[in-house]
Structure formats: C-alpha cells, structure tokens
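Source file: start_19.txt. Holds: compact mmCIF, C-alpha atoms.
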# COMPACT_ATOMS: atom_id res chain seq x y z
CA MET J 1198 -20.91 -90.81 -20.68
CA THR J 1199 -20.50 -94.49 -19.88
CA PRO J 1200 -23.28 -96.50 -21.54
CA SER J 1201 -25.98 -98.10 -19.41
CA PRO J 1202 -25.37 -101.74 -18.41
CA LYS J 1203 -26.65 -104.48 -20.70
CA LEU J 1204 -29.18 -106.78 -19.03
CA ASP J 1205 -30.39 -110.23 -20.04
CA SER J 1206 -34.00 -111.02 -20.91
CA ASN J 1207 -34.84 -111.57 -17.22
CA ARG J 1208 -33.41 -108.11 -16.38
CA THR J 1209 -31.64 -109.56 -13.36
CA SER J 1210 -28.07 -110.39 -14.34
CA VAL J 1211 -25.61 -107.85 -15.64
CA LEU J 1212 -23.30 -108.59 -18.52
CA SER J 1213 -20.92 -105.65 -18.18
CA THR J 1214 -19.78 -103.29 -15.47
CA PRO J 1215 -16.86 -100.89 -14.91
CA GLN J 1216 -13.94 -102.36 -13.02
CA THR J 1217 -12.55 -100.94 -9.79
CA LYS J 1218 -9.88 -102.10 -7.36
CA GLY J 1219 -12.23 -101.33 -4.48
CA GLN J 1220 -14.81 -103.65 -2.95
CA VAL J 1221 -18.24 -103.65 -4.61
CA ILE J 1222 -21.66 -104.69 -3.30
CA HIS J 1223 -23.83 -106.19 -6.05
CA THR J 1224 -27.08 -106.80 -4.14
CA PRO J 1225 -29.27 -103.67 -3.89
CA ARG J 1226 -31.60 -104.93 -1.17
CA LEU J 1227 -28.66 -106.05 0.97
CA TYR J 1228 -27.02 -102.65 0.47
CA GLU J 1229 -30.16 -100.81 1.58
CA PHE J 1230 -30.49 -103.03 4.65
CA ILE J 1231 -26.84 -102.42 5.61
CA VAL J 1232 -27.33 -98.66 5.32
CA TRP J 1233 -30.51 -98.83 7.40
CA VAL J 1234 -28.69 -100.75 10.15
CA MET J 1235 -25.68 -98.41 10.08
CA ALA J 1236 -27.92 -95.35 10.40
CA ARG J 1237 -30.00 -97.04 13.12
CA GLY J 1238 -33.15 -96.48 11.08
CA LYS J 1239 -32.44 -92.76 10.64
CA GLU J 1240 -31.03 -92.85 7.13
CA GLN J 1241 -33.22 -90.02 5.85
CA ALA J 1242 -32.15 -87.71 8.66
CA PHE J 1243 -28.51 -88.58 7.98
CA ARG J 1244 -28.86 -87.84 4.27
CA LYS J 1245 -30.58 -84.51 4.97
CA PHE J 1246 -27.64 -83.62 7.20
CA ILE J 1247 -25.30 -84.36 4.28
CA ALA J 1248 -27.33 -82.25 1.84
CA LYS J 1249 -27.27 -79.28 4.20
CA LEU J 1250 -23.58 -79.78 4.98
CA ALA J 1251 -22.83 -79.70 1.24
CA GLU J 1252 -24.72 -76.38 1.01
CA LEU J 1253 -26.70 -77.60 -2.00
CA LYS J 1254 -28.57 -74.81 -3.77
CA LYS J 1255 -31.10 -74.48 -6.56
CA GLY J 1256 -29.56 -74.72 -10.02
CA GLU J 1257 -26.36 -76.47 -8.91
CA SER J 1258 -24.82 -79.69 -10.18
CA VAL J 1259 -24.01 -82.43 -7.67
CA LEU J 1260 -22.29 -85.80 -8.06
CA ASP J 1261 -22.70 -88.75 -5.68
CA VAL J 1262 -19.62 -90.97 -6.02
CA GLY J 1263 -20.49 -94.58 -5.21
CA CYS J 1264 -24.19 -93.73 -5.22
CA GLY J 1265 -25.47 -97.21 -4.40
CA THR J 1266 -29.21 -97.45 -5.02
CA GLY J 1267 -29.55 -93.71 -5.70
CA THR J 1268 -31.21 -92.55 -2.48
CA MET J 1269 -28.77 -89.66 -1.88
CA ALA J 1270 -28.86 -88.56 -5.51
CA LEU J 1271 -32.67 -88.46 -5.36
CA LEU J 1272 -32.60 -86.32 -2.22
CA ALA J 1273 -29.94 -84.04 -3.73
CA LYS J 1274 -32.23 -83.46 -6.71
CA GLN J 1275 -34.83 -82.02 -4.36
CA TYR J 1276 -32.28 -79.48 -3.15
CA VAL J 1277 -30.91 -78.43 -6.57
CA GLY J 1278 -34.37 -78.35 -8.16
CA GLU J 1279 -35.50 -78.55 -11.76
CA THR J 1280 -32.74 -76.23 -12.95
CA GLY J 1281 -30.08 -78.23 -11.15
CA LYS J 1282 -28.52 -81.58 -11.98
CA SER J 1283 -28.06 -84.58 -9.70
CA CYS J 1284 -25.74 -87.33 -10.91
CA GLY J 1285 -24.38 -90.55 -9.50
CA ILE J 1286 -21.74 -93.09 -10.44
CA GLU J 1287 -21.62 -96.64 -9.11
CA PRO J 1288 -19.39 -99.61 -10.06
CA SER J 1289 -22.16 -102.19 -9.53
CA ALA J 1290 -24.37 -102.30 -12.61
CA GLU J 1291 -27.05 -104.13 -10.61
CA MET J 1292 -27.20 -101.14 -8.27
CA VAL J 1293 -27.29 -98.72 -11.20
CA PHE J 1294 -30.28 -100.54 -12.69
CA PHE J 1295 -32.02 -100.53 -9.30
CA ALA J 1296 -31.34 -96.79 -8.86
CA LYS J 1297 -32.67 -95.99 -12.32
CA GLN J 1298 -35.86 -97.93 -11.60
CA LYS J 1299 -36.27 -96.13 -8.28
CA ALA J 1300 -35.87 -92.74 -10.00
CA LYS J 1301 -38.39 -93.76 -12.67
CA ARG J 1302 -40.96 -94.71 -10.02
CA GLN J 1303 -40.49 -91.30 -8.41
CA ASN J 1304 -40.55 -89.44 -11.74
CA ALA J 1305 -37.20 -87.94 -10.80
CA LEU J 1306 -34.74 -86.74 -13.43
CA ILE J 1307 -31.37 -87.86 -12.11
CA ASP J 1308 -28.38 -89.13 -14.08
CA ILE J 1309 -27.09 -92.47 -12.73
CA ASN J 1310 -24.42 -94.37 -14.63
CA PRO J 1311 -21.88 -97.14 -14.14
CA GLY J 1312 -18.60 -95.56 -13.09
CA VAL J 1313 -15.60 -95.78 -10.80
CA ILE J 1314 -13.85 -93.22 -8.64
CA GLU J 1315 -10.50 -93.93 -10.31
CA GLN J 1316 -11.73 -92.50 -13.63
CA ILE J 1317 -14.81 -90.30 -13.30
CA ASP J 1318 -16.41 -90.04 -16.72
CA TYR J 1319 -17.36 -86.34 -16.59
CA PRO J 1320 -15.52 -83.29 -17.94
CA SER J 1321 -13.29 -81.24 -15.66
CA GLN J 1322 -15.02 -78.67 -13.44
CA SER J 1323 -18.50 -80.15 -13.97
CA PHE J 1324 -19.87 -80.03 -10.42
CA ASP J 1325 -20.58 -77.53 -7.66
CA ALA J 1326 -20.62 -80.29 -5.04
CA ILE J 1327 -19.47 -83.89 -4.73
CA LEU J 1328 -20.64 -86.40 -2.13
CA CYS J 1329 -18.62 -89.50 -1.28
CA LEU J 1330 -20.35 -91.40 1.52
CA ILE J 1331 -18.84 -94.50 3.12
CA VAL J 1332 -16.96 -95.39 -0.05
CA ILE J 1333 -13.24 -94.70 0.26
CA HIS J 1334 -12.47 -97.22 3.00
CA HIS J 1335 -13.34 -99.99 0.53
CA MET J 1336 -10.29 -99.09 -1.61
CA PRO J 1337 -6.56 -99.75 -1.65
CA ASP J 1338 -4.32 -96.74 -1.01
CA GLU J 1339 -3.44 -96.10 -4.66
CA THR J 1340 -7.13 -96.01 -5.57
CA LYS J 1341 -7.85 -93.56 -2.75
CA ILE J 1342 -5.16 -91.22 -4.08
CA GLN J 1343 -6.44 -91.44 -7.66
CA GLY J 1344 -10.02 -91.00 -6.47
CA ILE J 1345 -9.17 -87.76 -4.65
CA LYS J 1346 -7.41 -86.50 -7.79
CA GLU J 1347 -10.45 -87.32 -9.93
CA MET J 1348 -12.90 -85.67 -7.56
CA ALA J 1349 -10.71 -82.56 -7.54
CA ARG J 1350 -10.64 -82.57 -11.35
CA VAL J 1351 -14.42 -82.67 -11.87
CA LEU J 1352 -15.18 -80.20 -9.06
CA LYS J 1353 -15.48 -76.51 -9.92
CA PRO J 1354 -13.18 -73.97 -8.22
CA GLY J 1355 -14.80 -73.11 -4.90
CA GLY J 1356 -16.88 -76.30 -5.04
CA ARG J 1357 -17.62 -78.44 -2.02
CA LEU J 1358 -16.66 -82.04 -1.29
CA VAL J 1359 -18.33 -83.97 1.53
CA ILE J 1360 -16.63 -87.15 2.70
CA VAL J 1361 -18.12 -89.57 5.23
CA ASP J 1362 -15.96 -92.51 6.20
CA SER J 1363 -14.02 -94.21 8.96
CA ASN J 1364 -10.54 -93.03 9.96
CA LEU J 1365 -10.54 -89.93 7.77
CA GLN J 1366 -7.25 -88.87 9.33
CA LEU J 1367 -5.61 -91.84 7.61
CA LEU J 1368 -6.71 -90.83 4.11
CA PRO J 1369 -4.21 -89.36 1.63
CA SER J 1370 -3.73 -85.60 1.72
CA PHE J 1371 -6.58 -83.57 0.25
CA GLU J 1372 -4.47 -80.41 0.47
CA LYS J 1373 -2.20 -81.69 -2.29
CA GLU J 1374 -5.19 -81.52 -4.66
CA GLY J 1375 -6.12 -77.96 -3.66
CA PHE J 1376 -8.74 -78.70 -0.99
CA ILE J 1377 -9.23 -76.68 2.19
CA GLN J 1378 -11.04 -78.34 5.10
CA VAL J 1379 -13.96 -76.28 6.40
CA LYS J 1380 -15.73 -78.59 8.85
CA SER J 1381 -15.22 -82.02 10.37
CA GLY J 1382 -16.60 -84.19 13.14
CA LYS J 1383 -18.48 -87.36 13.98
CA ALA J 1384 -21.22 -88.22 11.50
CA PRO J 1385 -24.65 -88.00 13.16
CA PHE J 1386 -26.73 -91.19 13.36
CA ILE J 1387 -23.70 -93.32 12.33
CA PRO J 1388 -21.20 -92.53 15.13
CA ASP J 1389 -18.58 -95.02 13.95
CA TYR J 1390 -17.92 -92.72 10.99
CA ASP J 1391 -16.52 -89.22 10.58
CA PHE J 1392 -17.47 -86.45 8.19
CA ALA J 1393 -15.47 -83.67 6.58
CA LEU J 1394 -16.44 -80.76 4.35
CA TRP J 1395 -13.72 -79.63 1.98
CA LYS J 1396 -13.74 -76.70 -0.43
CA LYS J 1397 -11.67 -76.58 -3.56
CA ASP J 1398 -9.35 -73.61 -3.71
CA ASN J 1399 -10.43 -70.92 -6.19
CA LEU J 1400 -6.84 -70.49 -7.36
Could you write out this structure as structure tokens?
Amino acid sequence: MTPSPKLDSNRTSVLSTPQTKGQVIHTPRLYEFIVWVMARGKEQAFRKFIAKLAELKKGESVLDVGCGTGTMALLAKQYVGETGKSCGIEPSAEMVFFAKQKAKRQNALIDINPGVIEQIDYPSQSFDAILCLIVIHHMPDETKIQGIKEMARVLKPGGRLVIVDSNLQLLPSFEKEGFIQVKSGKAPFIPDYDFALWKKDNL
C-alpha cells in the first residue's frame, strides 16, 4: 500500500501526496462544511442511503474512492462489521491525516491511505463494493476513463459500484468495463446530483 504522508513537527503541513489531474481540496474543515451545505444538514441520512444502496453486508470489503475526511468509510465499517474491511483513498494527504485521527478517536479500524483514482493501489478483485461520491466531476475526461477502468479492476465479479455525481449521463461508458446499471435517480438530500448503482458482470 501507499505509505502514510510525512508530516512536519507541527503535524499540520504535508510534505508528500499522490498526484492527480483532478481538483483536490486540502482543507478538511472546509470540505466538511461544503458537504454539510450540499446535504442541507442531512449528511448522515444521505450516507445511510448510500450504504443501503450499495447493499453492504457483514464480512464484505468496501472502498471509498475520494474518501475526504473518512465519514463514509467509518459508516461503511458499521455495515461490514468486525469481519469486514472498510478502506478509503484520498489524494489530499491533509484529509488522510484528518480521517485517520477521526477513526482513532472513534476506535474504528478502517484503512485510509493517500491514493488517486487513476491508479488505485490495491490488487485486482479486492472489493465487494466501491463508493465514489461527488468525485468524478472534478476530473478531466481522460482521468474519468482511467478511473472507471481502475474501479472495475479492483472490484470483484458481481460487485457493486455506487456513483453520485452531477450529469452522470455525460460520463464515459461503464458498459465498456463490464458494468450493468441496476438503479439510478436523483440523489436524496442533494437534489443537484444523481446516483447510479452498477454491478460488475460475473463473466
């Protein structure tokens, strides 16, 4: 796995972070405020909707791509339980550090690491479910295509992929990577965004 970010003696500035061609937010508190505003104060209800949509079960492995401050990964851990694994990757090392501290305060065993959607640092077929929430629209088209390929690679056959973003109909084709769309619609609590549940073909 990608090593944890190196921090200076004040534990506030980050000396290294993975590079992505997408936009990156480096301020955890600002990120959490933006999410709160977008969800109109109903972030927890929105995230529970995502967990249920992804059909998370005890003992499964789930990956949150662009996990921010780790809130979704922490909730996912509650669904997959002690025998399951909840992971997150995030290009902002400041956010990774914040997420790790949040997990430590909650005594939650989740695996958060610096990482980018273009090159997900996990073996092929590692996860039963992948969550990618309000991430892809921050990326240029070539990064979107590579990101879909990478999520398909690390997802198990029959695994689920939940996407929440704006203008999903404009995203590159998921079918080319072996995905079948199961559900779609307007995301609850954040009506400017859409959701889609995809399943990876077993073939």
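In this structure, atom CA of Glu1339 of chain J sits 18.9 Å away from atom CA of Val1361 of chain J.
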To test the calculation: enclose all listed atoms of segment 1290-1300 of chain J in a box whose edges run along x, y and z, add 8 Å on each side, then state centre and edge lengths in Å to one decimal, as AutoDock Vina command-line options.
--center_x -30.3 --center_y -98.4 --center_z -10.5 --size_x 27.9 --size_y 27.4 --size_z 20.4
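With distances restricted to all atoms listed in the file, J:Asp1325 is the closest residue to Ala1251 of chain J from J:Asp1362, J:Glu1315, J:Asp1325, J:Glu1279.
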The residue from J:Leu1272, J:Leu1394, J:Ile1331, J:Val1379 with the smallest atom-to-atom distance to Met1235 of chain J, counting only C-alpha atoms, is J:Ile1331
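Rounded to one decimal, atom CA of Asn1304 of chain J and atom CA of Leu1250 of chain J lie 25.7 Å from each other.
Closest approach to Pro1311 of chain J from the set J:Thr1266, J:Ala1349, J:Arg1226, J:Lys1282 is made by J:Thr1266, with distances taken over only C-alpha atoms.
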Give me the residues within 12 Å of Tyr1228 of chain J as JSON, numbers by chain, counting all atoms listed in the file and dropping any in the same chain fewer than 2 places off.
{"J": [1221, 1222, 1223, 1224, 1225, 1226, 1230, 1231, 1232, 1233, 1234, 1235, 1263, 1264, 1265, 1266, 1267, 1268, 1289, 1291, 1292, 1295, 1296, 1331]}
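Shell of Glu1372 of chain J at 12 Å, with only C-alpha atoms counted and residues fewer than 3 places along the chain excluded, is Ile1342, Ile1345, Lys1346, Ala1349, Leu1368, Pro1369, Gly1375, Phe1376, Ile1377, Gln1378, Val1379, Trp1395, Lys1396, Lys1397 and Asp1398 of chain J.
Among J:Ile1317, J:Leu1306, J:Ile1387, J:Ala1393, the residue with the shortest atom-to-atom distance to Glu1240 of chain J, counting only C-alpha atoms, is J:Ile1387.
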Write out as a JSON list (two decimals) with C-alpha atoms, in the coordinates of the input which residues come within 12 Å of Lys1255 of chain J when counting only C-alpha atoms, dropping same-chain ones fewer than 6 positions away.
[["chain", "number", "residue", "atom", "x", "y", "z"],
["J", 1273, "ALA", "CA", -29.94, -84.04, -3.73],
["J", 1274, "LYS", "CA", -32.23, -83.46, -6.71],
["J", 1275, "GLN", "CA", -34.83, -82.02, -4.36],
["J", 1276, "TYR", "CA", -32.28, -79.48, -3.15],
["J", 1277, "VAL", "CA", -30.91, -78.43, -6.57],
["J", 1278, "GLY", "CA", -34.37, -78.35, -8.16],
["J", 1279, "GLU", "CA", -35.50, -78.55, -11.76],
["J", 1280, "THR", "CA", -32.74, -76.23, -12.95],
["J", 1281, "GLY", "CA", -30.08, -78.23, -11.15],
["J", 1282, "LYS", "CA", -28.52, -81.58, -11.98],
["J", 1283, "SER", "CA", -28.06, -84.58, -9.70],
["J", 1325, "ASP", "CA", -20.58, -77.53, -7.66]]
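Each of J:Leu1352, J:Pro1337, J:Lys1297, J:Arg1302 was compared to Ser1321 of chain J using all atoms listed in the file, and J:Leu1352 turns out to be the nearest.
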Which is closer to Thr1340 of chain J than all the others in J:Arg1357, J:Ile1314, J:Lys1249, J:Ser1363, using only C-alpha atoms?
J:Ile1314
Calculate how many Å separate atom CA of Asn1399 of chain J from atom CA of Ser1323 of chain J, rounding to one decimal.
14.5 Å
Radius query 6 Å about (-27.4, -91.3, -7.3), atoms used: only C-alpha atoms, as a VMD selection string:
chain J and resid 1261 1264 1267 1269 to 1270 1284 to 1285 1309
